[in-house]
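Below: the structure, in structure tokens.
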Amino acid sequence: MSTTPAAPRKTRNEDARAARQEEILASARAVFARQGFRGTTIADIAEEAGIALGTIYLYFKSKDDVFAALSEEFNQIIMNALTNVPRADTLEQAVRLRIFQVFEGCAENRDLVRLVVLNTDPDTAATRRMRSDEQKRFTPLVKDMQAVINAGAVRSADPEIMARLTVGAVSMSVYQAFVLDDGRRWEKFRDACCDMLVAYFTPPAA
């Protein structure tokens, strides 16, 4: 009689758990998009996913925790787009590559953009937890900023402040493009954001 080794069995269990969690989050996105965050219950998400209500609680403690996970997906889209790019030959090219990736990611996830931007409640425990994790999310971008400052490629400034201002400018541009303007002219907002950041990063003339 053969048995499955413990390591492969553990890997399969972890993969199955990750797949179920993604299924729950995808269902939550769909329900939130139809009913809004406040009009949605955990039971609604379970029904959308076709699973028992108790199953969701094996993955998320509350609706706020589900929302926090979706918010983290949104934040990760932006942070990955800002840090994972091909090597660029010029400052302008480096900026445009990053911002183009941010806006393309947001264009592909418009429901997630609107959900996170319109429903974030600063008083929830989930939001407070996300703020406490913010420094970890910023670390790769701060390192990138420090490297280009050291190389003289951008103006000299505090790399953390520069990173935060960059994310703030991009987030506001995304909000304007996909929420207030409903995504009708998102390419124009993308290009304007690029122009603004190129001007900000360019070292002053000697």
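In the structure tokens, chains take the letters A, B, ... in the order shown, each chain's residues start at 1, and ligands count up from 1 in the order shown.
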Taking the chain letters and numbering used in this document, name the residues of segment 42-117 of chain A that DSSP puts in alpha helix (DSSP H), as a VMD selection string.
chain A and resid 42 to 49 53 to 56 63 to 83 91 to 108 110 to 117
With the cut-off set at 10 Å and counting only C-alpha atoms, tabulate each residue of segment 68-106 of chain A with an atom at most that distance from an atom of segment 143-157 of chain A, showing the nearest atom pair and its distance in Å to one decimal, ordered by chain and increasing number, as CSV.
```
residue,atom,partner,partner_atom,distance
A:Leu82,CA,A:Asp144,CA,9.5
A:Thr83,CA,A:Asp144,CA,7.5
A:Thr90,CA,A:Ala153,CA,8.5
A:Leu91,CA,A:Ala153,CA,6.8
```
Filtering to C-alpha atoms, could you give me those residues as a PDB file, in the first residue's frame?
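Output below, filename again.pdb:
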```
ATOM      1  CA  LEU A  82       6.151  51.055 -10.294  1.00  0.00           C
ATOM      2  CA  THR A  83       9.000  48.676  -9.473  1.00  0.00           C
ATOM      3  CA  THR A  90      16.432  57.793 -19.979  1.00  0.00           C
ATOM      4  CA  LEU A  91      14.589  59.259 -17.005  1.00  0.00           C
TER       5      LEU A  91
END
```
I want to know what sits within 12 Å of Asp195 of chain A, based on only C-alpha atoms, with residues of the same chain fewer than 2 positions away left out; could you give that as a PyMOL selection string?
chain A and resi 91-93+95-96+99-100+169-170+173+188-193+197-202
Output the selection as an mmCIF file, in the first residue's frame - N, CA and C atoms for each residue.
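Listed below is the output, again17.cif:
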```cif
data_model
loop_
_atom_site.group_PDB
_atom_site.id
_atom_site.type_symbol
_atom_site.label_atom_id
_atom_site.label_comp_id
_atom_site.auth_asym_id
_atom_site.auth_seq_id
_atom_site.Cartn_x
_atom_site.Cartn_y
_atom_site.Cartn_z
ATOM 1 N N LEU A 91 15.512 59.014 -18.108
ATOM 2 C CA LEU A 91 14.589 59.259 -17.005
ATOM 3 C C LEU A 91 13.151 59.252 -17.507
ATOM 4 N N GLU A 92 12.902 59.948 -18.591
ATOM 5 C CA GLU A 92 11.536 60.031 -19.110
ATOM 6 C C GLU A 92 11.011 58.654 -19.485
ATOM 7 N N GLN A 93 11.852 57.845 -20.122
ATOM 8 C CA GLN A 93 11.422 56.497 -20.497
ATOM 9 C C GLN A 93 11.117 55.660 -19.256
ATOM 10 N N VAL A 95 10.099 56.696 -16.305
ATOM 11 C CA VAL A 95 8.842 57.159 -15.706
ATOM 12 C C VAL A 95 7.659 56.654 -16.519
ATOM 13 N N ARG A 96 7.730 56.821 -17.832
ATOM 14 C CA ARG A 96 6.588 56.452 -18.664
ATOM 15 C C ARG A 96 6.329 54.944 -18.641
ATOM 16 N N ILE A 99 4.422 54.339 -15.305
ATOM 17 C CA ILE A 99 3.067 54.879 -15.249
ATOM 18 C C ILE A 99 2.157 54.188 -16.255
ATOM 19 N N PHE A 100 2.690 53.837 -17.411
ATOM 20 C CA PHE A 100 1.893 53.095 -18.387
ATOM 21 C C PHE A 100 1.438 51.767 -17.777
ATOM 22 N N ALA A 169 0.665 60.948 -6.213
ATOM 23 C CA ALA A 169 0.316 61.553 -7.502
ATOM 24 C C ALA A 169 -0.312 60.535 -8.439
ATOM 25 N N VAL A 170 0.239 59.335 -8.449
ATOM 26 C CA VAL A 170 -0.308 58.286 -9.313
ATOM 27 C C VAL A 170 -1.705 57.885 -8.844
ATOM 28 N N SER A 173 -4.213 60.491 -9.778
ATOM 29 C CA SER A 173 -4.464 60.465 -11.223
ATOM 30 C C SER A 173 -5.363 59.293 -11.592
ATOM 31 N N LYS A 188 -5.351 60.018 -21.416
ATOM 32 C CA LYS A 188 -4.964 61.421 -21.260
ATOM 33 C C LYS A 188 -4.497 61.695 -19.829
ATOM 34 N N PHE A 189 -5.173 61.108 -18.845
ATOM 35 C CA PHE A 189 -4.731 61.262 -17.460
ATOM 36 C C PHE A 189 -3.382 60.581 -17.250
ATOM 37 N N ARG A 190 -3.196 59.443 -17.869
ATOM 38 C CA ARG A 190 -1.912 58.747 -17.788
ATOM 39 C C ARG A 190 -0.784 59.615 -18.321
ATOM 40 N N ASP A 191 -0.995 60.205 -19.489
ATOM 41 C CA ASP A 191 0.052 61.020 -20.097
ATOM 42 C C ASP A 191 0.339 62.271 -19.269
ATOM 43 N N ALA A 192 -0.713 62.870 -18.719
ATOM 44 C CA ALA A 192 -0.516 64.060 -17.886
ATOM 45 C C ALA A 192 0.243 63.705 -16.611
ATOM 46 N N CYS A 193 -0.051 62.554 -16.027
ATOM 47 C CA CYS A 193 0.667 62.096 -14.840
ATOM 48 C C CYS A 193 2.137 61.882 -15.154
ATOM 49 N N LEU A 197 5.341 63.886 -13.400
ATOM 50 C CA LEU A 197 6.396 63.206 -12.651
ATOM 51 C C LEU A 197 7.764 63.381 -13.298
ATOM 52 N N VAL A 198 7.804 63.418 -14.617
ATOM 53 C CA VAL A 198 9.083 63.675 -15.298
ATOM 54 C C VAL A 198 9.622 65.031 -14.867
ATOM 55 N N ALA A 199 8.730 66.045 -14.819
ATOM 56 C CA ALA A 199 9.146 67.384 -14.410
ATOM 57 C C ALA A 199 9.626 67.370 -12.946
ATOM 58 N N TYR A 200 8.947 66.607 -12.108
ATOM 59 C CA TYR A 200 9.323 66.541 -10.686
ATOM 60 C C TYR A 200 10.680 65.874 -10.492
ATOM 61 N N PHE A 201 10.932 64.789 -11.215
ATOM 62 C CA PHE A 201 12.165 64.033 -11.017
ATOM 63 C C PHE A 201 13.397 64.664 -11.664
ATOM 64 N N THR A 202 13.196 65.441 -12.718
ATOM 65 C CA THR A 202 14.330 65.981 -13.472
ATOM 66 C C THR A 202 15.199 66.877 -12.595
#
```
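Taking atom CA of Leu118 of chain A and atom CA of Lys136 of chain A as the two end points, the separation is 23.9 Å.
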Quick one: of A:Ser27, A:Val66, A:Arg34, A:Ala163, who's nearest to Glu47 of chain A, counting only C-alpha atoms?
A:Ser27
What's the 10 Å shell around Gly54 of chain A, counting only C-alpha atoms, without same-chain residues fewer than 5 positions away, as number ranges by chain?
A: 42-43, 46, 59
Residues from last step as file, C-alpha atoms, as an mmCIF file, in the first residue's frame:
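Output (result_2.cif):
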```cif
data_model
loop_
_atom_site.group_PDB
_atom_site.id
_atom_site.type_symbol
_atom_site.label_atom_id
_atom_site.label_comp_id
_atom_site.auth_asym_id
_atom_site.auth_seq_id
_atom_site.Cartn_x
_atom_site.Cartn_y
_atom_site.Cartn_z
ATOM 1 C CA ILE A 42 -20.532 37.581 3.975
ATOM 2 C CA ALA A 43 -23.537 35.394 3.150
ATOM 3 C CA ALA A 46 -20.633 32.744 0.013
ATOM 4 C CA TYR A 59 -10.171 32.163 5.186
#
```
Between A:Phe37, A:Phe32, A:Phe60, A:Phe74, which is the closest to Ser171 of chain A once you count only C-alpha atoms?
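The shortest atom-to-atom distance to Ser171 of chain A comes from A:Phe74.
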